[in-house]
Structures are given as structure tokens and as C-alpha cells.
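**Student:** What follows is entry.cif, mmCIF, C-alpha atoms.
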data_entry
#
loop_
_atom_site.label_atom_id
_atom_site.label_comp_id
_atom_site.auth_asym_id
_atom_site.auth_seq_id
_atom_site.Cartn_x
_atom_site.Cartn_y
_atom_site.Cartn_z
CA MET A 22 0.00 0.00 0.00
CA SER A 23 1.37 3.44 -0.85
CA ILE A 24 2.35 5.67 2.03
CA LEU A 25 -0.18 8.36 1.05
CA ARG A 26 -2.99 5.79 1.04
CA LYS A 27 -1.91 4.62 4.51
CA ILE A 28 -1.85 8.21 5.77
CA MET A 29 -5.30 8.78 4.26
CA THR A 30 -6.70 5.72 6.04
CA ALA A 31 -5.09 6.71 9.34
CA VAL A 32 -6.37 10.29 9.18
CA LYS A 33 -9.87 9.18 8.21
CA GLY A 34 -9.83 6.78 11.15
CA GLY A 35 -9.13 9.74 13.40
CA ALA A 36 -5.73 8.44 14.53
CA ARG A 37 -3.80 10.65 16.96
CA GLU A 38 -0.46 8.99 16.24
CA VAL A 39 -0.29 8.50 12.50
CA GLY A 40 3.23 7.09 12.67
CA GLU A 41 2.05 4.12 14.71
CA LEU A 42 -0.51 3.13 12.16
CA VAL A 43 1.46 3.90 9.06
CA VAL A 44 4.97 2.78 9.77
CA ASP A 45 5.29 0.66 12.85
CA ALA A 46 3.71 0.02 16.23
CA ASN A 47 6.65 1.91 17.72
CA GLY A 48 6.02 4.94 15.56
CA THR A 49 8.62 6.64 13.49
CA ARG A 50 11.59 5.69 15.70
CA ILE A 51 11.94 2.20 14.22
CA PHE A 52 11.64 3.65 10.77
CA GLU A 53 14.40 6.15 11.53
CA GLN A 54 16.54 3.24 12.77
CA GLU A 55 15.90 1.39 9.52
CA ILE A 56 17.08 4.39 7.56
CA LYS A 57 20.21 4.58 9.69
CA ASP A 58 20.87 0.85 9.13
CA ALA A 59 20.40 1.24 5.40
CA GLU A 60 22.82 4.18 5.44
CA SER A 61 25.47 2.16 7.28
CA HIS A 62 25.02 -0.72 4.82
CA MET A 63 25.51 1.70 2.01
CA ARG A 64 28.64 3.17 3.57
CA LYS A 65 30.03 -0.38 3.87
CA ALA A 66 29.13 -1.15 0.25
CA LYS A 67 30.88 2.04 -0.86
CA HIS A 68 33.97 1.09 1.16
CA ASP A 69 33.98 -2.41 -0.38
CA LEU A 70 33.55 -0.84 -3.78
CA THR A 71 36.68 1.29 -3.44
CA ASP A 72 38.63 -1.79 -2.30
CA VAL A 73 37.45 -3.86 -5.24
CA MET A 74 38.08 -1.00 -7.66
CA ALA A 75 41.65 -0.73 -6.39
CA LYS A 76 42.13 -4.48 -6.93
CA GLN A 77 40.60 -4.22 -10.37
CA MET A 78 43.10 -1.49 -11.29
CA GLN A 79 45.98 -3.59 -10.00
CA ALA A 80 44.84 -6.56 -12.08
CA SER A 81 44.47 -4.34 -15.11
CA ARG A 82 48.03 -3.03 -14.69
CA GLN A 83 49.26 -6.64 -14.32
CA VAL A 84 47.49 -7.61 -17.56
CA GLU A 85 49.06 -4.70 -19.42
CA SER A 86 52.56 -5.49 -18.18
CA LEU A 87 52.20 -9.20 -19.08
CA LYS A 88 51.02 -8.25 -22.55
CA SER A 89 54.01 -6.00 -23.13
CA GLU A 90 56.36 -8.68 -21.75
CA ILE A 91 54.91 -11.21 -24.20
CA ALA A 92 55.33 -8.78 -27.10
CA GLU A 93 58.91 -8.13 -26.02
CA HIS A 94 59.75 -11.84 -25.88
CA GLU A 95 58.16 -12.44 -29.25
CA THR A 96 60.61 -9.90 -30.67
CA PHE A 97 63.47 -11.67 -28.87
CA ALA A 98 62.41 -15.02 -30.29
CA GLY A 99 62.35 -13.49 -33.75
CA GLN A 100 65.82 -12.11 -33.26
CA ALA A 101 67.10 -15.55 -32.10
CA LEU A 102 65.59 -17.16 -35.22
CA ASP A 103 67.26 -14.50 -37.38
CA LYS A 104 70.57 -15.50 -35.88
CA GLY A 105 69.76 -19.17 -36.57
CA ASP A 106 69.72 -20.07 -32.85
CA GLU A 107 66.75 -22.44 -32.88
CA GLU A 108 67.46 -23.69 -29.35
CA LEU A 109 67.40 -20.23 -27.81
CA ALA A 110 64.26 -19.38 -29.78
CA LEU A 111 62.53 -22.48 -28.33
CA GLU A 112 63.58 -21.49 -24.81
CA ILE A 113 62.12 -18.00 -25.36
CA ALA A 114 58.94 -19.53 -26.78
CA GLU A 115 58.58 -21.63 -23.63
CA LYS A 116 58.88 -18.48 -21.57
CA ILE A 117 56.21 -16.84 -23.76
CA SER A 118 53.88 -19.75 -23.22
CA ARG A 119 54.30 -19.49 -19.42
CA LEU A 120 53.59 -15.75 -19.67
CA GLU A 121 50.48 -16.46 -21.72
CA ILE A 122 49.14 -18.82 -19.09
CA GLU A 123 49.77 -16.16 -16.44
CA LEU A 124 48.07 -13.55 -18.64
CA ALA A 125 44.98 -15.74 -19.00
CA GLU A 126 44.82 -16.12 -15.20
CA GLN A 127 45.27 -12.39 -14.59
CA GLN A 128 42.64 -11.60 -17.22
CA GLN A 129 40.20 -13.87 -15.42
CA VAL A 130 40.95 -12.16 -12.09
CA HIS A 131 40.45 -8.76 -13.73
CA ASP A 132 37.14 -9.80 -15.29
CA SER A 133 35.88 -11.14 -12.00
CA PHE A 134 36.78 -7.87 -10.23
CA SER A 135 35.03 -5.91 -13.00
CA GLY A 136 31.88 -7.95 -12.50
CA HIS A 137 32.11 -7.36 -8.77
CA VAL A 138 32.48 -3.60 -9.27
CA THR A 139 29.37 -3.49 -11.48
CA ARG A 140 27.38 -5.44 -8.92
CA LEU A 141 28.52 -3.23 -6.03
CA LYS A 142 27.79 -0.06 -7.98
CA ASP A 143 24.27 -1.33 -8.67
CA LEU A 144 23.86 -2.17 -5.01
CA VAL A 145 25.00 1.30 -3.90
CA LYS A 146 22.64 2.94 -6.40
CA LYS A 147 19.75 0.77 -5.22
CA SER A 148 20.51 1.53 -1.55
CA GLU A 149 20.68 5.24 -2.25
CA ARG A 150 17.29 5.12 -3.91
CA THR A 151 15.81 3.06 -1.06
CA ILE A 152 17.15 5.51 1.52
CA LYS A 153 15.73 8.49 -0.41
CA GLU A 154 12.38 6.70 -0.63
CA TYR A 155 12.39 5.90 3.11
CA GLU A 156 13.27 9.51 3.91
CA ARG A 157 10.47 10.80 1.68
CA GLN A 158 7.96 8.48 3.41
CA LEU A 159 9.24 9.41 6.86
CA SER A 160 8.97 13.09 6.04
CA MET A 161 5.36 12.64 4.91
CA VAL A 162 4.44 10.77 8.08
CA LYS A 163 6.25 13.28 10.29
CA THR A 164 4.59 16.22 8.52
CA THR A 165 1.16 14.63 8.98
CA GLU A 166 1.88 14.07 12.66
CA SER A 167 3.25 17.55 13.11
CA VAL A 168 0.24 19.16 11.43
CA GLN A 169 -2.15 17.11 13.56
CA LYS A 170 -0.33 18.11 16.74
CA ALA A 171 -0.14 21.73 15.64
CA SER A 172 -3.84 21.88 14.85
CA ALA A 173 -4.65 20.23 18.19
CA ALA A 174 -2.52 22.87 19.95
CA ILE A 175 -4.24 25.67 18.03
CA THR A 176 -7.73 24.34 18.82
CA ASP A 177 -6.82 23.86 22.50
CA ASN A 178 -5.45 27.38 22.61
CA PHE A 179 -8.66 28.80 21.21
CA ALA A 180 -10.63 26.80 23.76
CA SER A 181 -8.48 27.79 26.76
CA SER A 182 -8.31 31.48 25.89
CA ASN A 183 -12.12 31.45 25.53
CA SER A 184 -11.75 33.36 22.30
CA THR A 185 -14.32 32.30 19.78
CA ILE A 186 -13.17 31.70 16.27
CA LEU A 187 -15.10 34.04 14.02
CA SER A 188 -16.86 32.64 11.01
CA ALA A 189 -15.13 33.34 7.71
CA LYS A 190 -17.86 35.77 6.66
CA ASP A 191 -17.63 37.73 9.92
CA SER A 192 -13.84 37.88 9.67
CA LEU A 193 -14.05 39.12 6.11
CA GLU A 194 -16.65 41.71 7.05
CA ARG A 195 -14.52 43.03 9.90
CA ILE A 196 -11.39 43.15 7.76
CA LYS A 197 -13.23 44.93 4.96
CA LYS A 198 -14.78 47.39 7.43
CA ARG A 199 -11.35 48.11 8.95
CA GLN A 200 -9.88 48.62 5.50
CA GLN A 201 -12.76 50.94 4.58
CA ASP A 202 -12.30 52.86 7.86
CA ASN A 203 -8.60 53.23 7.18
CA PHE A 204 -9.32 54.31 3.65
CA ASP A 205 -11.94 56.85 4.81
CA ARG A 206 -9.61 58.20 7.46
CA LEU A 207 -6.88 58.54 4.92
CA SER A 208 -9.08 60.35 2.40
CA ALA A 209 -10.50 62.61 5.13
CA ALA A 210 -6.98 63.51 6.15
CA GLU A 211 -6.08 64.18 2.53
CA GLU A 212 -9.15 66.38 2.07
CA LEU A 213 -8.32 68.33 5.21
CA GLU A 214 -4.76 68.71 4.04
CA ALA A 215 -5.96 69.98 0.66
CA GLU A 216 -8.38 72.45 2.28
CA ASN A 217 -5.67 73.75 4.58
CA SER A 218 -3.28 74.33 1.74
CA ASP A 219 -6.02 76.06 -0.34
CA LYS A 220 -6.92 78.27 2.59
CA SER A 221 -3.37 79.32 3.29
CA LEU A 222 -2.85 80.12 -0.40
CA GLU A 223 -6.00 82.26 -0.44
CA ASP A 224 -4.81 84.10 2.66
CA LYS A 225 -1.48 84.82 1.05
CA MET A 226 -3.13 86.05 -2.16
CA LYS A 227 -5.45 88.31 -0.26
CA ALA A 228 -2.58 89.77 1.69
CA ALA A 229 -0.86 90.50 -1.62
CA GLY A 230 -4.06 92.06 -3.06
CA ILE A 231 -4.44 89.32 -5.69
CA GLY A 232 -7.61 87.44 -6.63
CA GLU A 233 -11.24 88.07 -5.76
CA GLU A 234 -11.75 91.20 -3.70
CA THR A 235 -14.29 91.24 -0.94
CA ALA A 236 -17.36 93.19 -1.90
CA SER A 237 -17.10 96.59 -0.28
CA ALA A 238 -19.98 98.96 0.35
CA ASN A 239 -18.59 101.28 -2.32
CA SER A 240 -18.51 98.67 -5.01
CA VAL A 241 -22.07 97.62 -4.16
CA LEU A 242 -23.22 101.22 -4.45
CA ASP A 243 -21.43 101.56 -7.82
CA ARG A 244 -23.25 98.49 -9.09
CA ILE A 245 -26.66 99.82 -8.02
CA LYS A 246 -25.93 103.17 -9.68
CA SER A 247 -24.94 101.57 -12.96
CA ASN A 248 -28.08 99.41 -12.94
CA ARG A 249 -30.28 102.48 -12.59
CA SER A 250 -28.85 104.46 -15.45
CA MET B 24 15.48 27.40 12.34
CA ASN B 25 13.04 26.49 15.13
CA THR B 26 9.94 28.44 16.09
CA ARG B 27 11.69 30.33 18.89
CA ASP B 28 14.41 31.64 16.56
CA LEU B 29 11.70 32.55 14.13
CA ALA B 30 9.69 34.43 16.78
CA LEU B 31 12.78 36.41 17.83
CA ARG B 32 13.72 37.30 14.29
CA ILE B 33 10.20 38.37 13.38
CA SER B 34 10.01 40.56 16.50
CA ASP B 35 13.28 42.18 15.40
CA LEU B 36 11.69 43.17 12.12
CA SER B 37 9.32 45.97 13.07
CA SER B 38 7.63 45.83 9.69
CA PHE B 39 8.05 44.13 6.35
CA GLU B 40 6.58 45.11 2.96
CA GLY B 41 4.49 47.74 4.79
CA TYR B 42 2.93 45.27 7.24
CA GLU B 43 3.43 45.02 10.97
CA PHE B 44 3.69 41.55 12.50
CA ASP B 45 2.46 40.28 15.80
CA CYS B 46 4.00 37.04 16.97
CA GLN B 47 2.92 34.70 19.74
CA PRO B 48 3.92 31.13 20.58
CA ILE B 49 1.19 28.58 21.23
CA PRO B 50 1.87 25.94 23.88
CA GLY B 51 1.28 22.29 23.00
CA ASP B 52 2.78 18.99 21.87
CA THR B 53 4.51 20.67 19.01
CA GLU B 54 5.75 24.24 18.77
CA VAL B 55 3.42 26.51 16.87
CA LEU B 56 3.75 30.21 16.29
CA GLN B 57 0.72 32.40 15.76
CA ILE B 58 1.61 35.29 13.48
CA THR B 59 -0.88 38.06 12.75
CA LEU B 60 -0.63 41.00 10.42
CA ARG B 61 -1.78 44.18 12.13
CA GLU B 62 -4.68 44.83 9.75
CA PHE B 63 -5.78 41.20 9.47
CA GLU B 64 -5.96 40.04 13.06
CA GLU B 65 -9.08 37.92 12.35
CA LEU B 66 -7.02 35.67 10.08
CA PRO B 67 -3.86 34.62 11.93
CA SER B 68 -1.25 32.37 10.31
CA PHE B 69 0.06 29.39 12.23
CA VAL B 70 3.66 28.44 11.61
CA SER B 71 5.32 25.16 12.58
CA VAL B 72 8.76 23.85 11.75
CA THR B 73 9.48 20.17 10.94
CA ASP B 74 12.79 18.48 10.02
CA THR B 75 12.37 19.29 6.37
CA GLN B 76 9.98 22.22 6.04
CA ILE B 77 8.33 25.28 7.48
CA LEU B 78 4.56 25.03 7.29
CA CYS B 79 2.36 28.13 7.34
CA ILE B 80 -1.39 27.58 7.70
CA THR B 81 -4.34 29.97 7.79
CA TYR B 82 -7.82 28.76 8.70
CA LEU B 83 -10.59 29.78 6.32
CA PHE B 84 -13.88 28.23 7.40
CA THR B 85 -15.34 25.10 8.95
CA GLU B 86 -17.51 22.45 7.36
CA ASP B 87 -20.47 23.95 9.29
CA GLU B 88 -20.09 27.22 7.41
CA VAL B 89 -20.46 25.56 4.01
CA LYS B 90 -23.92 25.57 2.42
CA PRO B 91 -24.59 21.84 2.09
CA GLU B 92 -26.26 22.19 -1.31
CA SER B 93 -23.26 23.95 -2.88
CA ARG B 94 -20.49 21.91 -1.25
CA THR B 95 -19.44 20.10 -4.43
CA GLU B 96 -19.38 23.35 -6.35
CA LEU B 97 -17.22 24.91 -3.62
CA LEU B 98 -14.74 22.02 -3.71
CA GLU B 99 -14.46 22.24 -7.49
CA GLU B 100 -13.99 26.00 -7.28
CA MET B 101 -11.19 25.53 -4.75
CA LEU B 102 -9.42 23.02 -7.00
CA GLU B 103 -9.72 25.46 -9.90
CA LEU B 104 -8.32 28.33 -7.85
CA ASN B 105 -5.43 26.32 -6.40
CA ILE B 106 -3.00 27.01 -9.25
CA PRO B 107 -3.76 30.70 -9.86
CA MET B 108 -3.39 31.44 -6.14
CA PRO B 109 0.22 32.53 -5.63
CA LEU B 110 2.44 30.48 -3.26
CA SER B 111 -0.46 28.99 -1.28
CA SER B 112 -2.75 26.00 -1.74
CA PHE B 113 -6.12 24.99 -0.33
CA ALA B 114 -6.24 22.09 2.07
CA LYS B 115 -8.40 20.60 4.78
CA LEU B 116 -7.52 19.74 8.37
CA GLY B 117 -10.26 17.78 10.08
CA ASP B 118 -13.41 19.83 9.55
CA ARG B 119 -11.54 23.05 8.74
CA TYR B 120 -10.70 24.34 5.31
CA VAL B 121 -7.32 26.08 5.20
CA VAL B 122 -4.81 27.73 2.91
CA PHE B 123 -1.21 26.76 3.46
CA GLY B 124 2.27 27.29 2.14
CA ALA B 125 5.39 25.20 2.73
CA LEU B 126 8.94 26.52 2.69
CA ALA B 127 12.35 24.83 2.84
CA VAL B 128 13.59 24.68 6.41
CA ASN B 129 16.59 26.89 5.55
CA SER B 130 14.51 29.75 4.08
CA ASP B 131 15.45 33.38 4.83
CA ILE B 132 13.39 35.39 7.28
CA GLU B 133 12.36 37.62 4.35
CA ASP B 134 10.99 34.60 2.46
CA ILE B 135 9.02 33.54 5.52
CA CYS B 136 7.58 37.02 6.07
CA HIS B 137 6.71 37.29 2.39
CA GLU B 138 5.02 33.88 2.60
CA ILE B 139 2.92 34.94 5.59
CA ILE B 140 1.83 38.18 3.94
CA THR B 141 0.91 36.34 0.73
CA LEU B 142 -0.89 33.64 2.72
CA THR B 143 -2.97 36.20 4.62
CA GLU B 144 -3.81 38.11 1.46
CA ASN B 145 -4.76 34.84 -0.22
CA ALA B 146 -6.98 33.93 2.74
CA VAL B 147 -8.88 37.24 2.49
CA GLU B 148 -9.15 36.92 -1.29
CA SER B 149 -10.37 33.31 -1.07
CA ILE B 150 -13.08 34.00 1.50
CA ASP B 151 -14.19 36.93 -0.62
CA ALA B 152 -14.27 34.72 -3.73
CA LEU B 153 -16.00 31.77 -2.04
CA GLU B 154 -18.44 33.79 0.07
CA GLU B 155 -21.45 32.71 -2.01
CA PHE B 156 -20.91 29.09 -0.91
CA LEU B 157 -20.91 29.95 2.78
CA VAL B 158 -23.89 30.31 5.11
#
As C-alpha cells - that is how I would like this structure written.

**Tutor:**
Amino acid sequence: MSILRKIMTAVKGGAREVGELVVDANGTRIFEQEIKDAESHMRKAKHDLTDVMAKQMQASRQVESLKSEIAEHETFAGQALDKGDEELALEIAEKISRLEIELAEQQQVHDSFSGHVTRLKDLVKKSERTIKEYERQLSMVKTTESVQKASAAITDNFASSNSTILSAKDSLERIKKRQQDNFDRLSAAEELEAENSDKSLEDKMKAAGIGEETASANSVLDRIKSNRS
Amino acid sequence: MNTRDLALRISDLSSFEGYEFDCQPIPGDTEVLQITLREFEELPSFVSVTDTQILCITYLFTEDEVKPESRTELLEEMLELNIPMPLSSFAKLGDRYVVFGALAVNSDIEDICHEIITLTENAVESIDALEEFLV
């Protein structure tokens, strides 16, 4: 069963300790131990791998040196034949044959190490993937547990502080009202500011004799006179 | 970073992106921090820290607040809105519908504050958008 499906079942069942139901009767601790064990296995496999790789390199060097020795002796044998020394050539050929047997053995050792390296590399890769998978599952279980505990703490806190949780609509209404209040206050302040600056400008203009003049008794009288004529 | 470090660092920031934060630890089995933005005190965010992530959750409404006849429509609407909603996702905890965001455990304090602001704004926006489905 997938870990998410297990979590789903546990949560639907109203479990307090999800870890117990999902992973192990002892909760997440055993699971953490398993991950640690898998990690130590992997470390050992990696250590073995370096050992085997070193041996493989040694074998490969041995193979190369035997090959060059054989080539060298073949040249020697040729030179002996050129000089007509059949006996010496035979002796060299015997040496070559011994070298060839050794080469075949070394080659077999090398091949076996190579196979071992491939197997160990596969094992390390598989362990790494398993550990990652375990960690992902553990993290999901732990998150579920943590969220459950957190939400229990939050609910308890609401209960103990006697504060009622507002309904979403009420909360929204209050937030909107506060925002509107703030907005209104801000625009009122702006309006006031604007009025003040207008007023002070008017005062300054009046003092300088600029702009609309206040109707004086004389000007009113002038207007009446002109209307009559 | 654990919740206590987080509380201290948030208190050090007097404001962020124009918002003032109020920070208060909640006692319980696991450490939870209640963080409120000054203008949105009705919709607090709850922050908890696990081994791998920082979880920020804001409660939206309870199952009781949902009009039974439009429940399916509400759920579909929430699924549709999940992707357009920046940084947060809808979820459900017991009988409560929530929005939440998760951050890497090594996130900067600025990222966390930004997350909480976005989460709160998303919560207000979502309730506003889903109001017709609520009693």
C-alpha cells in the first residue's frame, strides 16, 4: 500500500499517532533506525567498492605489463631465429607460453573484479534510492503528525483562551470594514490637508491684493448706480 | 530554524513590505507560532517547523459554514483556484478548510515574512471569492 494511502486511512480513522498506524507500532523511531541501518550498509558497500576497484586497477596493470612482456619476448624469439639459434628461440617460446598462461589467469581475475564492481555499484545505487524513498515516506508521516499536533494545539489554545473563532464571513466583514475605515480616514486627512493648503494660499493672495476682492460697500453702491442708469 | 528563533527574528523586524507583525507562541505537543498582520488580526497564520519544512497555515472556514447544497461546487472551485493562487494552496484539516504554504527549512526570514503576507492576502481573497458558498 502506498504511504499516502496509509496516511489517508489513518487520518480518516481519526488516529492521533499517525506514525504508529502507518509505519510501525513503535512509531517513526523504528523507521528512523531502519534508515540509519540502510545508510550504514551503504557506507560499507561504498567502502567495499573502493577496495574492489583498487584491486581491479591492479589486475588491469598486471594484464598490461604481461602483454608487453609477451610482445617483447616475441621480438626476442624473432631475433634468435634470425641469428639461426633455434634452441634459444625455443627457450624464449617456452617463456612466452608461461607468460600467456599467467596472462589468461590475470585476465580472469580482472574480469571477476570488473563484474564485482558493477554489482557493487548497482547495489549502492539501489541503496541510495531506497534511503531516499524511506526519507520521503518518513517526512510525509512526520509532517502529517506535526500538522495534527499543531492543529490540536491551536484548537486547545482557542478553547483555553475562551476566544471564539469568528466565522469566515464575519472575519471578512470586519477586515473589509477596517480597510474601509482606514481608507476613509486617509481620504479625510487628505481632504483636510488639501483644504488647509487652499486656505493658506487664499490668505497669502489676499494679503498680496491678488484674486477676488471682498465686496465693499462702495462697489455695491457703484453696481446699483450703474443698474439704474 | 526552530519556532523560537523565528519568533525572535520576526520581532526584530518591526515591519516588512508595509505590514506590521504580531507574533505569539502557542503551547502544545509541538511548537506553533501564531503570526498576525496588524490589519488582518481575524485571520492569523500558524507556523510550525518540521525536520524538512516550514509550514504556514491559515484557517478559512469550517464544514459547518459551508452551504450543504453547494459543497461540491465549492470544492471544485477551490481546485480550480489552487493554481492561480500565488504560493499557497487549499487544504483541509479535520473539519476546517485552510490555505497553506510550505517553505524549505533553511529559508530566509524575508521569504518567511513574504510567505505569511501572501498567505494572509490569499486567505482574504479566497473567502471573498468563495463567500457565495458559505452560510

**Student:** Could you state which residues are captured by the PyMOL selection byres ((chain B) within 6 of (chain A)) in this file, as a list in words?

**Tutor:** Gly51, Thr53, Glu65, Leu83 and Phe84 of chain B

**Student:** So the first atom is CA of Ile135 (chain B) and the second is CA of Ile150 (chain B); what is the distance between them in Å, to one decimal place?

**Tutor:** 22.5 Å

**Student:** Just want the 9 Å neighbourhood of Ile139 (chain B), counted on all atoms listed in the file, with same-chain residues fewer than 6 positions away dropped. Output as a JSON list (two decimals) with C-alpha atoms, in the coordinates of the input.

**Tutor:**
[["chain", "number", "residue", "atom", "x", "y", "z"],
["B", 58, "ILE", "CA", 1.61, 35.29, 13.48],
["B", 59, "THR", "CA", -0.88, 38.06, 12.75],
["B", 60, "LEU", "CA", -0.63, 41.00, 10.42],
["B", 68, "SER", "CA", -1.25, 32.37, 10.31],
["B", 70, "VAL", "CA", 3.66, 28.44, 11.61],
["B", 79, "CYS", "CA", 2.36, 28.13, 7.34],
["B", 80, "ILE", "CA", -1.39, 27.58, 7.70],
["B", 124, "GLY", "CA", 2.27, 27.29, 2.14]]

**Student:** Could you give me, as a JSON list (two decimals) with C-alpha atoms, keeping the file's coordinate frame, the residues within 12 Å of region 40-44 of chain B, counting only C-alpha atoms and dropping anything in the same chain fewer than 6 positions from it?

**Tutor:**
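The resulting part.json:
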[["chain", "number", "residue", "atom", "x", "y", "z"],
["B", 30, "ALA", "CA", 9.69, 34.43, 16.78],
["B", 31, "LEU", "CA", 12.78, 36.41, 17.83],
["B", 32, "ARG", "CA", 13.72, 37.30, 14.29],
["B", 33, "ILE", "CA", 10.20, 38.37, 13.38],
["B", 34, "SER", "CA", 10.01, 40.56, 16.50],
["B", 56, "LEU", "CA", 3.75, 30.21, 16.29],
["B", 57, "GLN", "CA", 0.72, 32.40, 15.76],
["B", 58, "ILE", "CA", 1.61, 35.29, 13.48],
["B", 59, "THR", "CA", -0.88, 38.06, 12.75],
["B", 60, "LEU", "CA", -0.63, 41.00, 10.42],
["B", 61, "ARG", "CA", -1.78, 44.18, 12.13],
["B", 62, "GLU", "CA", -4.68, 44.83, 9.75],
["B", 63, "PHE", "CA", -5.78, 41.20, 9.47],
["B", 64, "GLU", "CA", -5.96, 40.04, 13.06],
["B", 67, "PRO", "CA", -3.86, 34.62, 11.93],
["B", 68, "SER", "CA", -1.25, 32.37, 10.31],
["B", 133, "GLU", "CA", 12.36, 37.62, 4.35],
["B", 134, "ASP", "CA", 10.99, 34.60, 2.46],
["B", 135, "ILE", "CA", 9.02, 33.54, 5.52],
["B", 136, "CYS", "CA", 7.58, 37.02, 6.07],
["B", 137, "HIS", "CA", 6.71, 37.29, 2.39],
["B", 138, "GLU", "CA", 5.02, 33.88, 2.60],
["B", 139, "ILE", "CA", 2.92, 34.94, 5.59],
["B", 140, "ILE", "CA", 1.83, 38.18, 3.94],
["B", 141, "THR", "CA", 0.91, 36.34, 0.73],
["B", 143, "THR", "CA", -2.97, 36.20, 4.62],
["B", 144, "GLU", "CA", -3.81, 38.11, 1.46]]

**Student:** Expand the PyMOL selection byres ((chain B and resi 24) around 8) into the individual residues it matches in the shown file, reporting them as a list of chain:residue names.

**Tutor:**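 Evaluating the PyMOL selection byres ((chain B and resi 24) around 8) on this file yields B:Asn25, B:Thr26, B:Asp28, B:Leu29, B:Val72, B:Val128, B:Asn129.
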
**Student:** Pull C-alpha atoms from the residues just selected and write them as a JSON list (two decimals), keeping the file's coordinate frame.

**Tutor:**
[["chain", "number", "residue", "atom", "x", "y", "z"],
["B", 25, "ASN", "CA", 13.04, 26.49, 15.13],
["B", 26, "THR", "CA", 9.94, 28.44, 16.09],
["B", 28, "ASP", "CA", 14.41, 31.64, 16.56],
["B", 29, "LEU", "CA", 11.70, 32.55, 14.13],
["B", 72, "VAL", "CA", 8.76, 23.85, 11.75],
["B", 128, "VAL", "CA", 13.59, 24.68, 6.41],
["B", 129, "ASN", "CA", 16.59, 26.89, 5.55]]

**Student:** On this structure, which residues satisfy the PyMOL selection byres ((chain A and resi 66) around 12), written as a PDB file with C-alpha atoms, keeping the file's coordinate frame?

**Tutor:**
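Full text of expr.pdb as output:
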ATOM      1  CA  ALA A  59      20.400   1.240   5.400  1.00  0.00           C
ATOM      2  CA  GLU A  60      22.820   4.180   5.440  1.00  0.00           C
ATOM      3  CA  SER A  61      25.470   2.160   7.280  1.00  0.00           C
ATOM      4  CA  HIS A  62      25.020  -0.720   4.820  1.00  0.00           C
ATOM      5  CA  MET A  63      25.510   1.700   2.010  1.00  0.00           C
ATOM      6  CA  ARG A  64      28.640   3.170   3.570  1.00  0.00           C
ATOM      7  CA  LYS A  65      30.030  -0.380   3.870  1.00  0.00           C
ATOM      8  CA  LYS A  67      30.880   2.040  -0.860  1.00  0.00           C
ATOM      9  CA  HIS A  68      33.970   1.090   1.160  1.00  0.00           C
ATOM     10  CA  ASP A  69      33.980  -2.410  -0.380  1.00  0.00           C
ATOM     11  CA  LEU A  70      33.550  -0.840  -3.780  1.00  0.00           C
ATOM     12  CA  THR A  71      36.680   1.290  -3.440  1.00  0.00           C
ATOM     13  CA  ASP A  72      38.630  -1.790  -2.300  1.00  0.00           C
ATOM     14  CA  VAL A  73      37.450  -3.860  -5.240  1.00  0.00           C
ATOM     15  CA  MET A  74      38.080  -1.000  -7.660  1.00  0.00           C
ATOM     16  CA  HIS A 137      32.110  -7.360  -8.770  1.00  0.00           C
ATOM     17  CA  VAL A 138      32.480  -3.600  -9.270  1.00  0.00           C
ATOM     18  CA  THR A 139      29.370  -3.490 -11.480  1.00  0.00           C
ATOM     19  CA  ARG A 140      27.380  -5.440  -8.920  1.00  0.00           C
ATOM     20  CA  LEU A 141      28.520  -3.230  -6.030  1.00  0.00           C
ATOM     21  CA  LYS A 142      27.790  -0.060  -7.980  1.00  0.00           C
ATOM     22  CA  ASP A 143      24.270  -1.330  -8.670  1.00  0.00           C
ATOM     23  CA  LEU A 144      23.860  -2.170  -5.010  1.00  0.00           C
ATOM     24  CA  VAL A 145      25.000   1.300  -3.900  1.00  0.00           C
ATOM     25  CA  LYS A 146      22.640   2.940  -6.400  1.00  0.00           C
ATOM     26  CA  LYS A 147      19.750   0.770  -5.220  1.00  0.00           C
ATOM     27  CA  SER A 148      20.510   1.530  -1.550  1.00  0.00           C
ATOM     28  CA  GLU A 149      20.680   5.240  -2.250  1.00  0.00           C
TER      29      GLU A 149
END

**Student:** Take CA of Thr49 (chain A) and CA of Ser71 (chain B) and report the distance between them in Å, one decimal.

**Tutor:** 18.8 Å

**Student:** Work out how far apart CA of Thr165 (chain A) and CA of Leu157 (chain B) are and give it in Å to one decimal.

**Tutor:**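 Distance reported for this atom pair: 27.6 Å.
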
**Student:** Name all residues at most 12 Å from Phe97 (chain A) (count all atoms listed in the file; drop same-chain ones fewer than 5 positions away) and give them as a count of residues only.

**Tutor:** 16
